[in-house]
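Visitor: Just dropping this structure here.
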Amino acid sequence: MLISASIALRPRTRPGSVRAVARIGIIGAGYVGLCTGVALTRHGHRVTLVDTSPERLDSIRRGRPPFHEPGLDSALKRAIRVKRLRLADAAGASVPQTEATFLCVGTPPRDGGAVDLTQVESAARDVGRALRARKGYHLVLVKSTVPPGTVENVVRPILERASGKPAGSRFGVVSNPEFLKEGAALTDAFAPDRIVIGASEPAGARAAWRLYAKHRCPRISTTPRTAETIKYAANAFLAAKIALSNELANVCERIGVDWYDVAPAIGHDPRIGPLFLRAGMGFGGSCFPKDIAALRAVARSSQVSTGMLDALLDQNARQPLEVARMLREELGSLRGKRIALLGLSFKPNTDDVRETRSLPLLKALVREGAVVVAHDPRAMNNFRTLASEFVAATSAADALRGADAAAFATEWPEYKALRPSLVRSLMRSPIVVDGRRSVDAGKMRTGGIRYRAIGLGEA
Ligand code: UGA
């Protein structure tokens with residue numbers, strides 16, 4: 001059922017014919033779907049966002065994103081106000097009236113790391129059925145992160161079966177992976193650093209590039225399977241940079257060197273680059289851990305050994321425990337100690353707690369008998385769905401009050417702004433272990449705080 005006003009459309013029949021300002025459907029109003037949709041409206045496209053959750057649609061219709069993402073609130077309201085965004089609860093209300101459909105549904109992990117494609121399959125079926133009634137050419141772009149071969153071997157056959165039409169002249173299907181970073185997703189969607197289109201037919205590639213006619217960035221045209229692989233390879237590479245930085249930082253801490261002096265120096269080498277060398281408690285979020293596990297499953301099913309990917313995940317699992325170790329070294333035993341845990345989201349500027357490193361840290365502290373008082377400016381409610389063995393603080397100061405030590409686990413700006421004098425006055429013993437190098441070590445130390453951090457050696 002179409003939920004807001006419909007937009008008239010002139011059907012086009014020439015294969016690959018999609019207007020530069022197009023009517024676009026997006027299946028899945030989650031993180032990727034909503035941010036991509038809103039960004040596409042800023043490029044002039046008219047977007048129909050399709051989701052099966054009435055609550056989610058309701059919230060979006062009222063201009064309230066169902067998750068926190070900087071700038072999304074106002075961009076969403078604007079898209080609705082200028083009537084470039086409408087909502088629907090089924091692909092059938094969108095596909096017949098649009099020229100292209102992005103699949104942006106979830107691809108959660110199964111046990112063992114392989115990807116659960118149920119939502120992709122079901123979305124492809126819905127779009128395929130709706131294609132029966134579509135007169136002109138229609139392009140399907142798969143944005144969901146899927147294992148190499150999915151577009152060709154899963155999505156395309158489902159679309160063909162459900163629509164009763166062969167892919168090619170009546171519709172096209174391409175891979176178009178997303179590279180959005182939470183916290184900067186709107187900018188990444190509006191002005192990406194590259195666009196990858198994996199198409200097996202020229203008509204599909206042509207139609208896809210028409211949609212991105214206004215984007216100025218490197219464009220990569222390739223096969224669907226290569227495009228799907230590019231997404232996994234990018235995330236594996238970025239996660240490897242973090243894991244190696246963490247391991248080197250742990251060495252630095254033990255040998256009296258500061259990794260945060262080493263990292264910028266090696267970053268001047270263009271072969272290394274300065275970004276993603278921030279050592280900390282490891283990588284969390286909905287992408288890196290899941291995508292590396294999925295890539296590992298793909299590799300194993302092709303009998304490729306995965307020592308590097310295994311090592312990445314192992315290193316990442318161990319890294320939050322470095323903070324627990326430093327707390328233990330400072331306090332002797334953690335039994336009965338009150339620890340302030342500052343930061344629960346997997347990174348700042350989001351309320352997302354998926355795979356947050358704060359969870360294994362919390363579990364480790366509680367296992368050793370500590371009483372954990374936790375705070376996060378945005379993610380308290382989401383974190384409560386993962387764990388209950390903590391006392392919820394209403395502010396950073398509330399968490400720090402009477403604490404024997406504090407662990408900084410997410411580098412929120414408000415934690416960076418904490419004055420050492422305030423921290424010292426609130427805590428029972430002013431010990432801070434910084435899992436994210438959130439604050440200035442020198443300021444903390446001259447302010448009377450016993451300050452330790454990942455990668456910060458004491459000469
Ligand atoms: C990541 C990628 O950065 C995006 O390019 C990709 O599109 C996205 O996954 C995806 O696959 O959809 P995201 O998970 O939003 O984006 O967040 P990042 O900013 O990459 O951070 C991931 C984790 O790595 C966070 O826990 C962060 O704290 C950690 N990190 C990041 C570090 O520990 N050190 C760094 O130097 C950078």
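Please note that chains go A, B, ... in the order of the structure tokens, that every chain numbers its residues from 1, and that ligands are numbered from 1 in the order shown.
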Skipping near chain neighbours, those fewer than 3 positions away, what residues fall within 9 Å of stretch 224-229 of chain A using only C-alpha atoms, listed as a list in words?

Guide: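 Counting only the stated atoms, we get Thr145, Val146, Pro147, Pro148, Gly149, Thr150, Val151, Glu152, Val173, Val174, Ser175, Asn176, Pro177, Val196, Ile197, Gly198, Ala199, Ser200, Ile220, Ser221, Tyr232, Ala233, Ala234 and Leu295 of chain A.
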
Visitor: As a ChimeraX atom specification, please: the residues near A:Gly402 (cut-off 7 Å, only C-alpha atoms, same-chain neighbours under 5 positions excluded).

Guide: /A:426-428

Visitor: Could you list, as an MDAnalysis selection string, every residue within 6 Å of stretch 20-29 of chain A, counting only C-alpha atoms and ignoring same-chain residues fewer than 3 positions away?

Guide: chainID A and resid 33:34 44:51 94 98:105 210:211

Visitor: If the limit is 6 Å from any atom of ligand 1, counting only C-alpha atoms and all ligand atoms, which residues qualify? Return them as a list in words.

Guide: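 Using only C-alpha atoms and all ligand atoms, everything at most 6 Å from ligand 1 comes to Glu178, Phe179, Leu180, Lys181, Glu182, Ile242, Phe276, Leu277, Arg278, Ala279, Gly280, Gly282, Phe283, Gly284, Gly285, Ser286, Cys287, Phe288, Phe346 and Lys347 of chain A.
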
Visitor: Identify all residues of stretch 204-245 of chain A in strand (DSSP E) (DSSP on the backbone) and supply them as an mmCIF file with C-alpha atoms, in the first residue's frame.

Guide:
```
data_model
loop_
_atom_site.group_PDB
_atom_site.id
_atom_site.type_symbol
_atom_site.label_atom_id
_atom_site.label_comp_id
_atom_site.auth_asym_id
_atom_site.auth_seq_id
_atom_site.Cartn_x
_atom_site.Cartn_y
_atom_site.Cartn_z
ATOM 1 C CA ARG A 219 33.779 5.396 -10.753
ATOM 2 C CA ILE A 220 34.546 1.723 -10.935
ATOM 3 C CA SER A 221 32.701 -0.382 -13.491
ATOM 4 C CA THR A 222 33.163 -4.073 -13.007
#
```

Visitor: Mind checking which residues fall within 12 Å of stretch 130-135 of chain A, counting only C-alpha atoms, ignoring those fewer than 4 positions away in the same chain, and posting them as a ChimeraX atom specification?

Guide: /A:9-15,25,90-101,123-126,139-140,158-167,169-172

Visitor: Those residues with N, CA, C and O atoms, as a compact mmCIF listing (two decimals), in the first residue's frame please?

Guide:
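Okay, part_0.txt is ready:
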```txt
# COMPACT_ATOMS: atom_id res chain seq x y z
N LEU A 9 4.28 8.99 -13.34
CA LEU A 9 5.52 8.57 -13.96
C LEU A 9 5.28 8.18 -15.41
O LEU A 9 4.34 7.50 -15.73
N ARG A 10 6.17 8.67 -16.27
CA ARG A 10 6.11 8.23 -17.66
C ARG A 10 6.97 7.00 -17.81
O ARG A 10 8.18 7.04 -17.55
N PRO A 11 6.41 5.85 -18.20
CA PRO A 11 7.25 4.66 -18.33
C PRO A 11 8.23 4.78 -19.48
O PRO A 11 7.96 5.45 -20.48
N ARG A 12 9.37 4.16 -19.32
CA ARG A 12 10.39 4.13 -20.38
C ARG A 12 10.61 2.68 -20.76
O ARG A 12 10.55 1.80 -19.93
N THR A 13 10.90 2.43 -21.99
CA THR A 13 11.03 1.04 -22.40
C THR A 13 12.43 0.67 -22.86
O THR A 13 12.82 -0.48 -22.82
N ARG A 14 13.22 1.65 -23.32
CA ARG A 14 14.54 1.30 -23.85
C ARG A 14 15.40 0.70 -22.75
O ARG A 14 15.47 1.26 -21.65
N PRO A 15 16.06 -0.46 -23.00
CA PRO A 15 16.87 -1.06 -21.94
C PRO A 15 17.92 -0.07 -21.44
O PRO A 15 18.58 0.59 -22.23
N GLY A 25 12.98 3.45 -5.84
CA GLY A 25 12.46 2.77 -4.66
C GLY A 25 13.63 2.23 -3.85
O GLY A 25 14.66 1.86 -4.40
N ALA A 90 5.13 -1.87 0.90
CA ALA A 90 5.37 -3.05 0.05
C ALA A 90 6.00 -2.63 -1.26
O ALA A 90 5.72 -1.54 -1.77
N ALA A 91 6.85 -3.52 -1.79
CA ALA A 91 7.52 -3.23 -3.06
C ALA A 91 6.50 -3.00 -4.17
O ALA A 91 6.74 -2.22 -5.10
N GLY A 92 5.34 -3.66 -4.05
CA GLY A 92 4.30 -3.54 -5.08
C GLY A 92 3.82 -2.11 -5.26
O GLY A 92 3.32 -1.74 -6.32
N ALA A 93 3.96 -1.29 -4.22
CA ALA A 93 3.52 0.10 -4.32
C ALA A 93 4.62 1.00 -4.87
O ALA A 93 4.37 2.16 -5.16
N SER A 94 5.80 0.45 -5.02
CA SER A 94 6.90 1.29 -5.47
C SER A 94 7.40 0.90 -6.86
O SER A 94 7.57 1.76 -7.74
N VAL A 95 7.62 -0.39 -7.08
CA VAL A 95 8.28 -0.83 -8.32
C VAL A 95 7.54 -0.38 -9.59
O VAL A 95 8.18 0.15 -10.51
N PRO A 96 6.21 -0.53 -9.67
CA PRO A 96 5.55 -0.15 -10.93
C PRO A 96 5.69 1.33 -11.24
O PRO A 96 5.50 1.74 -12.38
N GLN A 97 5.99 2.14 -10.24
CA GLN A 97 6.03 3.59 -10.47
C GLN A 97 7.44 4.16 -10.43
O GLN A 97 7.61 5.38 -10.40
N THR A 98 8.42 3.31 -10.38
CA THR A 98 9.79 3.82 -10.29
C THR A 98 10.66 3.19 -11.38
O THR A 98 10.28 2.18 -11.99
N GLU A 99 11.82 3.79 -11.57
CA GLU A 99 12.72 3.28 -12.61
C GLU A 99 13.82 2.41 -12.05
O GLU A 99 14.48 1.68 -12.80
N ALA A 100 14.02 2.49 -10.76
CA ALA A 100 15.10 1.70 -10.15
C ALA A 100 14.74 1.37 -8.71
O ALA A 100 14.01 2.12 -8.06
N THR A 101 15.25 0.23 -8.24
CA THR A 101 15.03 -0.16 -6.85
C THR A 101 16.36 -0.56 -6.23
O THR A 101 17.08 -1.40 -6.78
N ALA A 123 13.13 -9.88 -0.38
CA ALA A 123 12.99 -8.58 -1.07
C ALA A 123 13.05 -8.78 -2.58
O ALA A 123 12.28 -8.17 -3.33
N ALA A 124 13.96 -9.65 -3.04
CA ALA A 124 14.09 -9.90 -4.49
C ALA A 124 12.79 -10.51 -5.02
O ALA A 124 12.32 -10.15 -6.11
N ARG A 125 12.19 -11.41 -4.23
CA ARG A 125 10.91 -12.02 -4.66
C ARG A 125 9.83 -10.95 -4.79
O ARG A 125 9.10 -10.90 -5.78
N ASP A 126 9.75 -10.07 -3.77
CA ASP A 126 8.72 -9.02 -3.80
C ASP A 126 8.91 -8.10 -5.00
O ASP A 126 7.96 -7.74 -5.69
N LEU A 139 15.66 -1.08 -13.09
CA LEU A 139 16.97 -1.52 -12.64
C LEU A 139 16.93 -1.86 -11.15
O LEU A 139 16.39 -1.08 -10.35
N VAL A 140 17.50 -2.99 -10.78
CA VAL A 140 17.61 -3.37 -9.36
C VAL A 140 19.08 -3.26 -8.97
O VAL A 140 19.95 -3.83 -9.63
N ILE A 158 16.05 -15.22 -8.76
CA ILE A 158 14.78 -14.99 -8.05
C ILE A 158 13.96 -13.93 -8.80
O ILE A 158 12.75 -14.08 -9.01
N LEU A 159 14.64 -12.85 -9.22
CA LEU A 159 13.93 -11.79 -9.95
C LEU A 159 13.33 -12.36 -11.25
O LEU A 159 12.18 -12.05 -11.60
N GLU A 160 14.10 -13.19 -11.92
CA GLU A 160 13.61 -13.73 -13.21
C GLU A 160 12.39 -14.64 -12.98
O GLU A 160 11.39 -14.56 -13.68
N ARG A 161 12.52 -15.51 -11.96
CA ARG A 161 11.41 -16.43 -11.67
C ARG A 161 10.16 -15.66 -11.27
O ARG A 161 9.07 -15.89 -11.77
N ALA A 162 10.34 -14.73 -10.34
CA ALA A 162 9.16 -14.04 -9.78
C ALA A 162 8.52 -13.09 -10.79
O ALA A 162 7.32 -12.86 -10.75
N SER A 163 9.33 -12.55 -11.70
CA SER A 163 8.76 -11.58 -12.67
C SER A 163 8.28 -12.26 -13.93
O SER A 163 7.48 -11.70 -14.69
N GLY A 164 8.80 -13.48 -14.17
CA GLY A 164 8.48 -14.15 -15.43
C GLY A 164 9.17 -13.50 -16.61
O GLY A 164 8.77 -13.70 -17.76
N LYS A 165 10.19 -12.70 -16.36
CA LYS A 165 10.92 -12.01 -17.45
C LYS A 165 12.41 -12.31 -17.32
O LYS A 165 12.91 -12.42 -16.19
N PRO A 166 13.12 -12.42 -18.43
CA PRO A 166 14.57 -12.61 -18.33
C PRO A 166 15.25 -11.28 -18.04
O PRO A 166 14.81 -10.24 -18.52
N ALA A 167 16.31 -11.34 -17.24
CA ALA A 167 17.08 -10.11 -17.02
C ALA A 167 17.73 -9.73 -18.33
O ALA A 167 18.08 -10.58 -19.13
N SER A 169 16.79 -7.15 -21.22
CA SER A 169 16.12 -6.05 -21.89
C SER A 169 14.98 -5.47 -21.06
O SER A 169 14.64 -4.29 -21.20
N ARG A 170 14.36 -6.27 -20.18
CA ARG A 170 13.19 -5.78 -19.43
C ARG A 170 13.58 -5.22 -18.06
O ARG A 170 12.94 -4.33 -17.54
N PHE A 171 14.57 -5.84 -17.50
CA PHE A 171 15.09 -5.29 -16.25
C PHE A 171 16.57 -5.65 -16.12
O PHE A 171 17.05 -6.60 -16.76
N GLY A 172 17.26 -4.91 -15.29
CA GLY A 172 18.67 -5.20 -15.04
C GLY A 172 18.90 -5.37 -13.55
O GLY A 172 18.09 -4.93 -12.73
```

Visitor: Choose the residue, out of A:Ser429, A:Thr350, A:Thr356, A:Thr306, that has the smallest atom-to-atom separation from A:Lys337; count only C-alpha atoms.

Guide: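 Among the listed residues, A:Ser429 lies closest to A:Lys337.
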
Visitor: Do you know which residues are at most 6 Å from stretch 110-114 of chain A counting only C-alpha atoms, after dropping those on the same chain fewer than 6 positions away, and could you put them as a ChimeraX atom specification?

Guide: /A:293-294,297

Visitor: Quick one: residues within 8 Å of stretch 358-373 of chain A, only C-alpha atoms counted, chain neighbours fewer than 3 positions away excluded, as JSON, numbers by chain?

Guide: {"A": [320, 321, 323, 324, 333, 334, 335, 336, 337, 338, 339, 340, 341, 343, 344, 345, 346, 355, 386, 387, 389, 390, 391, 392, 393, 399, 409]}

Visitor: Would you compute the distance between atom CA of A:Arg129 and atom CA of A:Pro202? Give it in Å to one decimal.

Guide: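 One can read the atom CA of A:Arg129 to atom CA of A:Pro202 distance as 23.9 Å.
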
Visitor: Skipping near chain neighbours, those fewer than 5 positions away, what residues fall within 8 Å of A:Ile292 using only C-alpha atoms, listed as a VMD selection string?

Guide: chain A and resid 232 235 to 236 309 313

Visitor: Closest to A:Ser122 among A:Lys241, A:Thr52, A:Ser74, A:Thr187, using only C-alpha atoms?

Guide: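 Checking each of A:Lys241, A:Thr52, A:Ser74, A:Thr187 against A:Ser122, counting only C-alpha atoms, the winner is A:Thr52.
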